[in-house]
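One file, structure_9.cif, is given below (mmCIF, C-alpha atoms).
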data_start
#
loop_
_atom_site.label_atom_id
_atom_site.label_comp_id
_atom_site.auth_asym_id
_atom_site.auth_seq_id
_atom_site.Cartn_x
_atom_site.Cartn_y
_atom_site.Cartn_z
CA MET A 264 123.20 120.90 104.70
CA ILE A 265 119.92 120.52 102.92
CA VAL A 266 120.65 121.65 99.38
CA THR A 267 123.20 119.42 97.73
CA SER A 268 125.75 120.69 95.28
CA ASN A 269 124.94 118.47 92.31
CA SER A 270 122.11 120.65 91.00
CA GLY A 271 124.38 122.05 88.29
CA THR A 272 125.14 118.60 86.93
CA ALA A 273 121.49 117.67 87.27
CA ARG A 274 120.47 120.71 85.24
CA LEU A 275 122.92 119.79 82.47
CA ILE A 276 121.62 116.23 82.33
CA GLY A 277 118.07 117.57 82.36
CA ILE A 278 118.78 119.74 79.34
CA ALA A 279 120.50 116.83 77.55
CA ALA A 280 117.48 114.63 78.32
CA LEU A 281 115.08 117.24 76.96
CA VAL A 282 117.06 117.77 73.76
CA THR A 283 117.54 114.05 73.04
CA MET A 284 113.85 113.40 73.77
CA LEU A 285 112.79 116.10 71.31
CA VAL A 286 115.21 114.92 68.60
CA GLY A 287 114.36 111.25 69.20
CA SER A 288 110.61 111.88 69.03
CA PHE A 289 110.96 114.02 65.94
CA VAL A 290 113.06 111.42 64.11
CA GLY A 291 110.78 108.60 65.27
CA LEU A 292 107.63 110.43 64.19
CA PHE A 293 108.65 112.15 60.95
CA VAL A 294 112.02 111.06 59.61
CA VAL A 295 112.16 107.26 59.74
CA SER A 296 109.98 105.47 57.19
CA PRO A 297 107.12 103.50 58.71
CA ASP A 298 107.06 99.73 59.04
CA ARG A 299 106.02 97.93 55.84
CA LEU A 300 103.34 95.82 57.51
CA GLN A 301 102.22 97.78 60.55
CA GLY A 302 102.42 101.31 59.15
CA ASP A 303 102.61 104.32 61.41
CA VAL A 304 101.46 102.35 64.46
CA GLN A 305 104.93 100.83 64.62
CA ARG A 306 106.32 104.26 65.53
CA LEU A 307 104.97 103.65 69.03
CA MET A 308 107.86 101.23 69.40
CA TYR A 309 110.27 104.18 69.68
CA VAL A 310 108.71 105.09 73.03
CA HIS A 311 107.26 101.74 74.13
CA VAL A 312 110.52 99.80 74.05
CA PRO A 313 112.58 102.52 75.80
CA ALA A 314 109.88 102.86 78.48
CA ALA A 315 109.94 99.11 79.07
CA TRP A 316 113.74 99.08 79.13
CA LEU A 317 113.72 101.89 81.68
CA ALA A 318 111.21 100.12 83.88
CA PHE A 319 113.43 97.05 83.99
CA LEU A 320 116.57 99.13 84.53
CA ALA A 321 114.86 101.01 87.37
CA PHE A 322 113.76 97.80 89.10
CA PHE A 323 117.18 96.27 88.65
CA ILE A 324 118.63 99.34 90.41
CA VAL A 325 116.06 98.84 93.20
CA PHE A 326 117.31 95.27 93.55
CA LEU A 327 120.99 96.29 93.62
CA MET A 328 120.39 99.10 96.09
CA SER A 329 118.30 96.80 98.30
CA VAL A 330 121.18 94.32 98.48
CA LEU A 331 123.65 97.14 99.18
CA TYR A 332 121.42 98.53 101.90
CA LEU A 333 121.11 95.18 103.66
CA ILE A 334 124.88 94.75 103.57
CA GLN A 335 125.93 98.26 104.61
CA ARG A 336 122.77 99.55 106.36
CA ASP A 337 123.34 103.02 104.97
CA LEU A 338 120.13 104.95 104.31
CA LYS A 339 121.60 106.55 101.18
CA TRP A 340 121.15 103.25 99.30
CA ASP A 341 117.56 103.16 100.48
CA ARG A 342 116.94 106.62 99.06
CA VAL A 343 118.29 105.53 95.68
CA ALA A 344 116.14 102.39 95.76
CA HIS A 345 113.03 104.39 96.67
CA ALA A 346 113.63 106.93 93.91
CA SER A 347 114.25 104.21 91.36
CA ALA A 348 111.12 102.28 92.37
CA GLU A 349 108.91 105.34 91.95
CA ILE A 350 110.33 106.11 88.53
CA GLY A 351 110.10 102.45 87.56
CA VAL A 352 106.41 102.35 88.47
CA VAL A 353 105.74 105.44 86.34
CA PHE A 354 107.51 103.92 83.37
CA THR A 355 105.80 100.55 83.84
CA VAL A 356 102.42 102.29 83.64
CA LEU A 357 103.67 104.12 80.55
CA THR A 358 104.83 100.83 79.00
CA LEU A 359 101.45 99.23 79.59
CA ALA A 360 99.56 102.24 78.26
CA LEU A 361 101.70 102.50 75.12
CA GLY A 362 101.50 98.73 74.61
CA SER A 363 97.72 98.91 74.80
CA MET A 364 97.60 101.67 72.19
CA TRP A 365 99.76 99.53 69.93
CA GLY A 366 97.79 96.38 70.69
CA LYS A 367 94.38 97.80 69.78
CA PRO A 368 95.13 98.39 66.05
CA THR A 369 97.61 95.51 65.74
CA TRP A 370 96.02 92.68 67.71
CA GLY A 371 92.50 94.17 67.75
CA VAL A 372 92.33 94.24 71.55
CA TRP A 373 93.51 96.61 74.26
CA TRP A 374 94.55 93.80 76.49
CA THR A 375 95.49 90.17 76.00
CA TRP A 376 96.94 87.59 78.38
CA ASP A 377 100.25 87.55 76.65
CA PRO A 378 103.30 86.59 78.80
CA ARG A 379 105.18 89.86 78.55
CA LEU A 380 102.04 91.95 79.03
CA THR A 381 100.87 89.89 81.98
CA THR A 382 104.32 89.85 83.56
CA THR A 383 104.60 93.63 83.22
CA ALA A 384 101.24 94.07 84.93
CA ILE A 385 102.27 91.76 87.78
CA MET A 386 105.60 93.58 88.03
CA LEU A 387 103.62 96.79 88.46
CA ALA A 388 101.65 95.18 91.30
CA ILE A 389 104.90 94.01 92.97
CA TYR A 390 106.41 97.49 92.99
CA VAL A 391 103.17 99.21 93.97
CA GLY A 392 103.37 96.86 96.97
CA TYR A 393 106.97 97.99 97.47
CA LEU A 394 105.90 101.64 97.58
CA ALA A 395 102.88 100.82 99.76
CA ILE A 396 104.91 99.04 102.44
CA ARG A 397 107.15 102.10 102.57
CA SER A 398 104.23 104.41 103.18
CA PHE A 399 103.01 102.32 106.12
CA ALA A 400 106.30 102.25 108.06
CA ASP A 401 107.27 105.17 110.28
CA ASP A 402 110.77 104.27 111.40
CA PRO A 403 113.32 105.02 108.61
CA ASP A 404 115.53 102.01 109.36
CA LYS A 405 112.68 99.53 109.55
CA ARG A 406 111.13 101.01 106.43
CA ALA A 407 114.41 100.67 104.57
CA ARG A 408 114.90 97.09 105.75
CA TRP A 409 111.39 95.92 104.88
CA ALA A 410 111.47 97.69 101.54
CA ALA A 411 114.86 96.15 100.72
CA ILE A 412 113.48 92.67 101.39
CA VAL A 413 110.48 93.30 99.15
CA GLY A 414 112.81 94.79 96.53
CA ILE A 415 114.93 91.65 96.46
CA ILE A 416 112.14 89.07 96.51
CA GLY A 417 110.06 91.06 94.03
CA PHE A 418 112.89 91.21 91.55
CA ALA A 419 113.72 87.52 91.93
CA ASN A 420 110.09 86.76 91.24
CA VAL A 421 109.81 88.55 87.90
CA PRO A 422 111.56 85.86 85.77
CA ILE A 423 109.60 83.09 87.50
CA VAL A 424 106.33 84.88 86.79
CA TYR A 425 107.42 85.37 83.19
CA LEU A 426 108.23 81.68 82.66
CA SER A 427 105.02 80.54 84.28
CA VAL A 428 102.92 82.85 82.13
CA ILE A 429 104.75 81.69 79.00
CA TRP A 430 103.66 78.17 79.80
CA TRP A 431 100.19 79.45 80.47
CA ARG A 432 99.80 81.01 77.02
CA THR A 433 101.64 82.80 74.34
CA LEU A 434 100.65 85.29 71.63
CA HIS A 435 103.16 88.14 71.71
CA GLN A 436 105.23 88.62 68.58
CA PRO A 437 108.78 87.44 69.33
CA PRO A 438 111.14 90.33 69.99
CA SER A 439 112.77 91.48 66.79
CA SER A 440 116.47 90.81 66.73
CA PRO A 441 118.75 93.66 65.63
CA ARG A 442 119.44 91.81 62.39
CA SER A 443 115.77 91.56 61.40
CA VAL A 444 115.12 95.33 61.41
CA SER A 445 116.51 98.00 59.13
CA PRO A 446 119.45 100.05 60.47
CA GLU A 447 117.53 103.34 60.47
CA ILE A 448 114.83 101.85 62.71
CA LEU A 449 117.49 100.37 64.96
CA TRP A 450 119.41 103.65 65.28
CA THR A 451 116.25 105.63 66.01
CA LEU A 452 115.36 103.11 68.69
CA LEU A 453 118.82 103.23 70.23
CA PHE A 454 118.77 107.02 70.23
CA ASN A 455 115.41 106.99 72.02
CA LEU A 456 116.82 104.50 74.51
CA LEU A 457 119.58 107.00 75.25
CA ALA A 458 117.05 109.81 75.62
CA PHE A 459 114.91 107.82 78.05
CA THR A 460 117.95 106.77 80.06
CA LEU A 461 118.96 110.42 80.39
CA VAL A 462 115.44 111.22 81.61
CA TYR A 463 115.84 108.43 84.16
CA VAL A 464 119.19 109.74 85.40
CA TYR A 465 117.79 113.26 85.66
CA LEU A 466 114.67 112.15 87.55
CA MET A 467 116.82 109.99 89.82
CA MET A 468 119.09 112.88 90.78
CA ARG A 469 116.12 115.09 91.56
CA ARG A 470 114.20 112.41 93.42
CA ILE A 471 117.18 111.34 95.53
CA ARG A 472 117.76 114.94 96.55
CA LEU A 473 114.10 115.27 97.46
CA ALA A 474 114.29 112.04 99.49
CA LYS A 475 117.30 113.42 101.35
CA VAL A 476 115.39 116.58 102.25
CA GLU A 477 112.37 114.52 103.28
CA GLY A 478 114.59 112.38 105.49
CA GLU A 479 116.09 115.40 107.19
CA LEU A 480 112.66 116.92 107.69
CA GLU A 481 111.42 113.66 109.20
CA GLN A 482 114.40 113.63 111.54
CA ARG A 483 113.87 117.22 112.67
CA VAL A 484 110.19 116.69 113.27
CA ALA A 485 111.03 113.60 115.33
CA TYR A 486 113.73 115.49 117.21
CA ASN A 487 111.56 118.49 118.02
CA GLY A 488 108.67 116.28 119.02
CA MET B 246 118.62 68.44 114.29
CA GLU B 247 118.64 71.21 116.87
CA LEU B 248 116.89 73.44 114.34
CA MET B 249 114.17 70.86 113.74
CA ARG B 250 113.63 70.40 117.47
CA ARG B 251 113.25 74.15 118.01
CA SER B 252 110.94 74.50 115.03
CA TRP B 253 108.83 71.65 116.25
CA ALA B 254 108.49 73.29 119.67
CA ILE B 255 106.90 76.31 117.97
CA VAL B 256 104.63 74.15 115.81
CA TRP B 257 103.51 72.25 118.89
CA LYS B 258 102.87 75.41 120.88
CA ASP B 259 100.76 76.97 118.10
CA LEU B 260 98.81 73.80 117.35
CA LEU B 261 98.13 73.32 121.05
CA ILE B 262 96.75 76.87 121.34
CA GLU B 263 94.64 76.24 118.25
CA ALA B 264 93.42 72.87 119.47
CA ARG B 265 92.36 74.33 122.82
CA THR B 266 90.69 77.46 121.50
CA LYS B 267 89.64 76.32 118.00
CA GLN B 268 89.49 80.00 117.15
CA ALA B 269 90.79 79.88 113.64
CA PHE B 270 90.12 76.46 112.21
CA ASN B 271 86.31 76.40 112.40
CA ALA B 272 86.02 79.92 111.03
CA MET B 273 88.45 79.13 108.22
CA VAL B 274 86.59 76.01 107.11
CA PHE B 275 83.30 77.88 106.98
CA PHE B 276 84.88 80.79 105.22
CA ALA B 277 86.41 78.51 102.59
CA ALA B 278 83.09 76.76 102.01
CA LEU B 279 81.39 80.14 101.71
CA VAL B 280 83.88 81.23 99.05
CA LEU B 281 82.93 78.14 97.01
CA PHE B 282 79.25 78.99 97.50
CA ILE B 283 79.67 82.62 96.47
CA PHE B 284 81.47 81.57 93.31
CA SER B 285 78.76 79.06 92.50
CA PHE B 286 76.20 81.84 92.81
CA ALA B 287 78.30 84.18 90.72
CA LEU B 288 78.80 81.65 87.91
CA GLY B 289 75.29 80.26 87.87
CA PRO B 290 73.98 76.75 88.35
CA ASP B 291 75.60 75.35 85.20
CA THR B 292 77.32 72.27 86.66
CA GLU B 293 79.36 71.69 83.52
CA LEU B 294 80.85 75.19 83.68
CA LEU B 295 81.47 74.92 87.42
CA ARG B 296 83.32 71.65 86.90
CA GLU B 297 85.58 73.19 84.28
CA VAL B 298 86.57 76.10 86.51
CA SER B 299 86.61 74.09 89.74
CA GLY B 300 90.43 74.12 89.92
CA GLY B 301 90.42 77.90 89.91
CA LEU B 302 87.58 78.14 92.42
CA LEU B 303 89.31 75.76 94.81
CA TRP B 304 92.59 77.66 94.77
CA VAL B 305 90.96 81.06 95.04
CA GLY B 306 89.15 79.67 98.08
CA ILE B 307 92.41 78.32 99.51
CA ALA B 308 94.24 81.60 98.85
CA PHE B 309 91.55 83.74 100.50
CA THR B 310 91.27 81.40 103.46
CA GLY B 311 95.04 81.16 103.72
CA ILE B 312 95.32 84.94 103.99
CA LEU B 313 93.11 84.79 107.08
CA SER B 314 95.37 82.26 108.73
CA LEU B 315 98.57 84.04 107.67
CA ASN B 316 97.40 87.31 109.20
CA ARG B 317 97.17 85.49 112.51
CA THR B 318 100.54 83.76 112.18
CA TYR B 319 102.46 85.98 114.57
CA GLN B 320 99.47 87.44 116.37
CA SER B 321 99.68 85.30 119.49
CA GLU B 322 103.28 86.49 119.87
CA GLU B 323 102.58 90.08 118.98
CA THR B 324 99.75 90.73 121.45
CA SER B 325 101.56 89.20 124.41
CA GLY B 326 105.02 90.45 123.53
CA GLY B 327 106.12 86.85 123.08
CA ILE B 328 108.00 87.67 119.91
CA GLU B 329 110.62 89.43 122.05
CA GLY B 330 111.11 86.21 123.96
CA LEU B 331 111.51 84.21 120.78
CA ARG B 332 113.89 86.80 119.41
CA VAL B 333 116.28 86.79 122.37
CA TYR B 334 116.21 83.01 122.56
CA PRO B 335 119.63 81.57 121.74
CA GLY B 336 119.84 79.65 118.51
CA ASP B 337 119.00 80.19 114.90
CA PRO B 338 116.04 82.56 114.33
CA ARG B 339 115.21 80.46 111.28
CA ALA B 340 113.61 78.01 113.67
CA ILE B 341 110.84 80.56 114.20
CA PHE B 342 110.24 80.76 110.46
CA LEU B 343 110.29 76.99 110.00
CA GLY B 344 107.97 76.48 112.97
CA LYS B 345 105.46 79.04 111.77
CA LEU B 346 105.75 77.64 108.25
CA PHE B 347 104.98 74.05 109.31
CA GLY B 348 102.13 75.31 111.46
CA ASN B 349 100.57 77.19 108.55
CA ILE B 350 100.99 74.21 106.21
CA ILE B 351 99.32 71.85 108.68
CA VAL B 352 96.35 74.15 109.33
CA LEU B 353 95.84 74.89 105.64
CA LEU B 354 96.05 71.21 104.68
CA ALA B 355 93.43 70.46 107.32
CA VAL B 356 91.14 73.07 105.76
CA GLU B 357 91.75 71.58 102.31
CA ALA B 358 90.88 68.13 103.63
CA VAL B 359 87.38 69.52 104.16
CA LEU B 360 87.31 71.86 101.18
CA PHE B 361 88.15 69.34 98.44
CA PRO B 362 85.39 66.87 99.37
CA ALA B 363 82.99 69.80 99.72
CA ALA B 364 83.87 70.90 96.19
CA ALA B 365 83.47 67.34 94.92
CA VAL B 366 79.90 67.31 96.23
CA LEU B 367 79.00 70.87 95.22
CA PHE B 368 80.38 70.64 91.70
CA GLN B 369 79.67 66.92 91.20
CA ILE B 370 83.29 66.04 90.48
CA GLU B 371 84.68 62.52 90.71
CA MET B 372 87.70 63.12 92.92
CA LEU B 373 88.28 59.67 94.39
CA PRO B 374 90.04 58.15 91.34
CA HIS B 375 92.52 61.06 91.33
CA VAL B 376 93.00 61.42 95.05
CA GLY B 377 96.74 60.69 94.93
CA GLU B 378 97.55 63.23 92.21
CA LEU B 379 95.32 65.84 93.83
CA ALA B 380 97.06 65.32 97.16
CA VAL B 381 100.46 65.93 95.53
CA VAL B 382 99.26 69.17 93.89
CA ALA B 383 97.51 70.34 97.06
CA LEU B 384 100.61 69.64 99.13
CA LEU B 385 103.02 71.40 96.75
CA GLY B 386 100.68 74.36 96.29
CA THR B 387 100.07 74.69 100.01
CA ILE B 388 103.78 74.55 100.76
CA GLY B 389 104.52 77.28 98.22
CA PHE B 390 101.66 79.45 99.45
CA SER B 391 102.76 79.03 103.06
CA ILE B 392 106.44 79.74 102.41
CA VAL B 393 105.85 83.11 100.78
CA GLY B 394 102.90 83.84 103.08
CA THR B 395 104.70 83.05 106.34
CA PHE B 396 107.60 85.18 105.20
CA TYR B 397 105.56 88.22 104.19
CA ALA B 398 103.40 87.87 107.31
CA ALA B 399 106.56 88.42 109.38
CA LEU B 400 107.23 91.61 107.40
CA THR B 401 103.73 93.02 107.70
CA VAL B 402 102.92 92.04 111.30
CA ASN B 403 104.21 95.38 112.64
CA LEU B 404 102.53 97.50 110.00
CA ARG B 405 99.57 99.73 110.64
CA ALA B 406 97.63 98.32 107.69
CA ARG B 407 98.73 94.69 107.75
CA GLU B 408 95.37 93.27 106.65
CA VAL B 409 95.72 95.19 103.38
CA MET B 410 99.47 94.97 102.99
CA LEU B 411 99.78 91.21 103.28
CA PRO B 412 97.60 90.35 100.27
CA LEU B 413 99.01 93.31 98.34
CA LEU B 414 102.52 91.89 98.68
CA LEU B 415 101.58 88.24 98.64
CA PHE B 416 99.26 87.81 95.66
CA PRO B 417 101.61 89.16 92.96
CA ALA B 418 104.38 86.94 94.34
CA LEU B 419 102.07 83.93 94.28
CA VAL B 420 101.20 84.14 90.58
CA PRO B 421 103.47 81.26 89.48
CA MET B 422 102.26 79.06 92.32
CA LEU B 423 98.59 79.82 91.59
CA LEU B 424 99.05 79.19 87.87
CA GLY B 425 100.75 75.88 88.60
CA ALA B 426 98.24 74.71 91.18
CA VAL B 427 95.12 75.81 89.27
CA ASN B 428 96.24 74.30 85.97
CA ALA B 429 97.42 71.05 87.49
CA THR B 430 94.21 70.67 89.51
CA THR B 431 91.98 71.47 86.55
CA LEU B 432 93.86 69.07 84.26
CA ILE B 433 93.60 66.29 86.82
CA LEU B 434 89.88 66.90 87.36
CA VAL B 435 88.71 67.33 83.76
CA GLY B 436 91.05 64.72 82.28
CA ASP B 437 94.67 64.90 81.27
CA PRO B 438 95.37 62.53 78.38
CA MET B 439 98.72 64.14 77.50
CA GLN B 440 100.02 64.21 81.09
CA ASP B 441 100.24 68.01 80.82
CA SER B 442 99.87 68.37 84.56
CA ASP B 443 103.49 67.22 84.95
CA ILE B 444 104.89 70.53 83.75
CA TRP B 445 102.75 72.41 86.30
CA ILE B 446 103.81 70.10 89.09
CA ARG B 447 107.41 70.74 88.14
CA LEU B 448 106.73 74.48 88.22
CA LEU B 449 105.29 74.09 91.72
CA ILE B 450 108.36 72.18 92.90
CA ALA B 451 110.69 74.82 91.43
CA PHE B 452 108.65 77.61 93.06
CA ASP B 453 108.70 75.88 96.43
CA VAL B 454 112.46 75.27 96.34
CA ILE B 455 113.41 78.77 95.14
CA PHE B 456 111.24 80.57 97.67
CA PHE B 457 112.19 78.25 100.49
CA VAL B 458 115.85 79.06 99.92
CA ILE B 459 115.30 82.83 99.59
CA SER B 460 112.89 83.04 102.54
CA THR B 461 114.93 81.05 105.04
CA TRP B 462 118.00 82.97 103.97
CA ILE B 463 116.47 86.47 104.42
CA PHE B 464 114.18 85.70 107.38
CA PRO B 465 116.64 86.70 110.15
CA ILE B 466 116.81 90.17 108.58
CA ALA B 467 113.02 90.42 108.50
CA LEU B 468 112.83 89.52 112.19
CA GLU B 469 115.36 92.10 113.44
CA GLU B 470 114.04 94.66 115.86
#

Final structure tokens representation of the file:
Amino acid sequence: MIVTSNSGTARLIGIAALVTMLVGSFVGLFVVSPDRLQGDVQRLMYVHVPAAWLAFLAFFIVFLMSVLYLIQRDLKWDRVAHASAEIGVVFTVLTLALGSMWGKPTWGVWWTWDPRLTTTAIMLAIYVGYLAIRSFADDPDKRARWAAIVGIIGFANVPIVYLSVIWWRTLHQPPSSPRSVSPEILWTLLFNLLAFTLVYVYLMMRRIRLAKVEGELEQRVAYNG
Amino acid sequence: MELMRRSWAIVWKDLLIEARTKQAFNAMVFFAALVLFIFSFALGPDTELLREVSGGLLWVGIAFTGILSLNRTYQSEETSGGIEGLRVYPGDPRAIFLGKLFGNIIVLLAVEAVLFPAAAVLFQIEMLPHVGELAVVALLGTIGFSIVGTFYAALTVNLRAREVMLPLLLFPALVPMLLGAVNATTLILVGDPMQDSDIWIRLLIAFDVIFFVISTWIFPIALEE
């Protein structure tokens, strides 16, 4: 069976993601008052922070699924890990791009060697490597095994990279704690986090289904020579 | 004990092949020296500037040269099918990893034994008074580089594009080790009144321990057929 039955649920989640994205963006852009010091630039935070959160969530899922795959050796975990890695890479690029747009007016530069920025860039390189090693392996089981190993080591490496870059230099403004920002900013941010997470779930469902179809196609091609 | 004996058998075998053919070592030393030369050309003849960045130049040279040696780590086994023999051998497969690891460390240290004096002459650095500290940093850095490198080399050896994939996976993972080694080396060479190099040496030790544990733990999975 190629077409799975969850497309109805996926469609519902897709619609929910679209609606929350629209509402979240509207509130973030027009309803909430701008930051006292940074002005309208601060509104970027409503998409930058959720994108970063999603990237980390996605890579954490890659890590979990990699461990599960190595324990159970079931290709379904590998499909989830693959889907999550692709989405994570997209959102990491988005995080970096949005951060740059915020950095130019705020710090005066597009790029600076700040720990979080640098770590995010290296994280991107780690997971581009993860996707690359997948594309070079032909056998599904080997591909899944190698990818799982990279997924585990890559994830373990992120905090070490972060610490080492902190020691190297620091410039980033410390993350605001929930108590230091006004409730309306916090709620808008949380709402956008929800919207982005829904987008992630929707993309995951679609991507996993696609991976399943790809796997079956690969199998049939191999079977028919 | 048994593990050490098995590992040592592999180290001995590889070093013996190398000693009889001298395929890799001579080429690696020249390559490393050339990297130093190229950088000197790129940065101009300003000796003062070269001295300040000499730590970075040295470790970039070591990393590039190390990649060459890592790509060959399992090659003697791969071309002759010897890896199958090692795989079916009774006993812990970790012995293969440890053997290859020690082999890589020894070869790379031998290259560094030529590279550091060459840099001292080229960049007019007084290395002799700091030879003990430099040796510690070189050893810790080389161990860290070789651990991650030997591990990823086992993953990429079967890939179609291993020459590209190995650095793509390896360099992002090596960021903490490179930061530690470069900063410690530079501090030692240009003067370190506050003993700041200690923190980088501690980072190197932490990196080596963490990746040694992860790599030896996962290696049997990487080696599966």

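Atom pair atom CA of Ile283 of chain B / atom CA of Leu423 of chain B has a distance of 19.7 Å (rounded to one decimal).
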
- Task: Give as a PyMOL selection string each residue that has an atom at most 12 Å from (107.5, 100.8, 109.6) in the file, counting only C-alpha atoms.
- Result: (chain A and resi 395-410) or (chain B and resi 400-407+410+467+470)

Chain A contacts on chain B, all atoms listed in the file, 6 Å, as a PDB file with C-alpha atoms, in the frame of the given file:
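Listed below is the output, part_21.pdb:
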ATOM      1  CA  LEU B 413      99.010  93.310  98.340  1.00  0.00           C
ATOM      2  CA  LEU B 414     102.520  91.890  98.680  1.00  0.00           C
ATOM      3  CA  PRO B 417     101.610  89.160  92.960  1.00  0.00           C
ATOM      4  CA  PRO B 421     103.470  81.260  89.480  1.00  0.00           C
TER       5      PRO B 421
END

I'd like the contact shell of segment 357-360 of chain B - 7 Å cut-off, all atoms listed in the file, skipping same-chain residues fewer than 4 positions apart - returned as a PDB file with C-alpha atoms, in the coordinates of the input.
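Okay, this is what ended up in out_11.pdb:
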ATOM      1  CA  ALA B 277      86.410  78.510 102.590  1.00  0.00           C
ATOM      2  CA  ALA B 278      83.090  76.760 102.010  1.00  0.00           C
ATOM      3  CA  LEU B 353      95.840  74.890 105.640  1.00  0.00           C
ATOM      4  CA  ALA B 364      83.870  70.900  96.190  1.00  0.00           C
TER       5      ALA B 364
END

- Item | Result set, the PyMOL selection byres ((chain A and resi 469-481) around 12) on current file, as a PyMOL selection string | chain A and resi 264-274+276-277+338-350+401-404+406-407+462-468+482-488

- Item | Ground truth for the PyMOL selection byres ((chain A and resi 280-289) around 9), written as a PyMOL selection string | chain A and resi 275-279+290-294+309-310+451-452+454-465

- Message: For Gly394 of chain B, find every residue with an atom within 10 Å (counting only C-alpha atoms), except residues of its own chain fewer than 6 positions away, and show them as a PyMOL selection string.
- Response: chain B and resi 308+311-312+314-316+318+346+349+388+400+411-412+414-416+418-419

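This file, queried with the PyMOL selection byres ((chain B and resi 287-299) around 7), gives the residues B:Ile283, B:Phe284, B:Ser285, B:Phe286, B:Gly300, B:Gly301, B:Leu302, B:Leu303, B:Phe368, B:Ile370, B:Thr431, B:Val435.
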
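Atom CA of Ala269 of chain B sits 10.3 Å away from atom CA of Thr310 of chain B.
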
Centre and edge lengths of an axis-aligned box around all listed atoms of segment 401-412 of chain B, with 5 Å added on each side, are to be given in Å to one decimal, as JSON.
{"center_x": 99.8, "center_y": 95.0, "center_z": 106.5, "size_x": 18.8, "size_y": 19.4, "size_z": 22.4}

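Here the question is which of A:Val353, A:Leu361, A:Leu453, A:Ile429 gets nearest to His311 of chain A using only C-alpha atoms, and that residue is A:Leu361.
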
- Item | Among listed residues A:Val295, A:Leu307, A:Leu320, A:Leu327, nearest Gly366 of chain A (using all atoms listed in the file) |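 Nearest candidate to Gly366 of chain A out of A:Val295, A:Leu307, A:Leu320, A:Leu327: A:Leu307.
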
- Would you list the contacts of Val356 of chain A as a list in words, taking every protein, DNA or RNA residue within 10 Å and counting all atoms listed in the file, but skipping same-chain residues closer than 6 positions in sequence?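 In the requested form, the answer reads Ala314, Ala315, Ala318, Gly362, Thr383, Ala384 and Leu387 of chain A.
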
Once you have the residues from the selection above, write them out as an mmCIF file, keeping the file's coordinate frame, restricted to C-alpha atoms.
data_model
loop_
_atom_site.group_PDB
_atom_site.id
_atom_site.type_symbol
_atom_site.label_atom_id
_atom_site.label_comp_id
_atom_site.auth_asym_id
_atom_site.auth_seq_id
_atom_site.Cartn_x
_atom_site.Cartn_y
_atom_site.Cartn_z
ATOM 1 C CA ALA A 314 109.880 102.860 78.480
ATOM 2 C CA ALA A 315 109.940 99.110 79.070
ATOM 3 C CA ALA A 318 111.210 100.120 83.880
ATOM 4 C CA GLY A 362 101.500 98.730 74.610
ATOM 5 C CA THR A 383 104.600 93.630 83.220
ATOM 6 C CA ALA A 384 101.240 94.070 84.930
ATOM 7 C CA LEU A 387 103.620 96.790 88.460
#

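A straight line drawn from atom CA of Thr461 of chain B to atom CA of Leu385 of chain B is 17.4 Å long.
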
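Here the question is which of B:Val458, B:Pro362, B:Arg251, B:Ile262 gets nearest to Asp337 of chain B using all atoms listed in the file, and that residue is B:Arg251.
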
- Task: Name the residues within 7 Å of (100.1, 68.6, 89.7), counting only C-alpha atoms in the file's coordinates, and put them as a ChimeraX atom specification.
- Result: /B:378-379,381-382,426,429-430,442-443,445-446

Go ahead and save the residues from that selection, with C-alpha atoms, as a PDB file, in the coordinates of the input.
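Here's the written file selection11.pdb:
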ATOM      1  CA  GLU B 378      97.550  63.230  92.210  1.00  0.00           C
ATOM      2  CA  LEU B 379      95.320  65.840  93.830  1.00  0.00           C
ATOM      3  CA  VAL B 381     100.460  65.930  95.530  1.00  0.00           C
ATOM      4  CA  VAL B 382      99.260  69.170  93.890  1.00  0.00           C
ATOM      5  CA  ALA B 426      98.240  74.710  91.180  1.00  0.00           C
ATOM      6  CA  ALA B 429      97.420  71.050  87.490  1.00  0.00           C
ATOM      7  CA  THR B 430      94.210  70.670  89.510  1.00  0.00           C
ATOM      8  CA  SER B 442      99.870  68.370  84.560  1.00  0.00           C
ATOM      9  CA  ASP B 443     103.490  67.220  84.950  1.00  0.00           C
ATOM     10  CA  TRP B 445     102.750  72.410  86.300  1.00  0.00           C
ATOM     11  CA  ILE B 446     103.810  70.100  89.090  1.00  0.00           C
TER      12      ILE B 446
END

- Item | Nearest to Pro335 of chain B, chosen from B:Ile307, B:Ala398, B:Leu313, B:Leu248, with only C-alpha atoms counted in the distances |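 Checking each of B:Ile307, B:Ala398, B:Leu313, B:Leu248 against Pro335 of chain B, counting only C-alpha atoms, the winner is B:Leu248.
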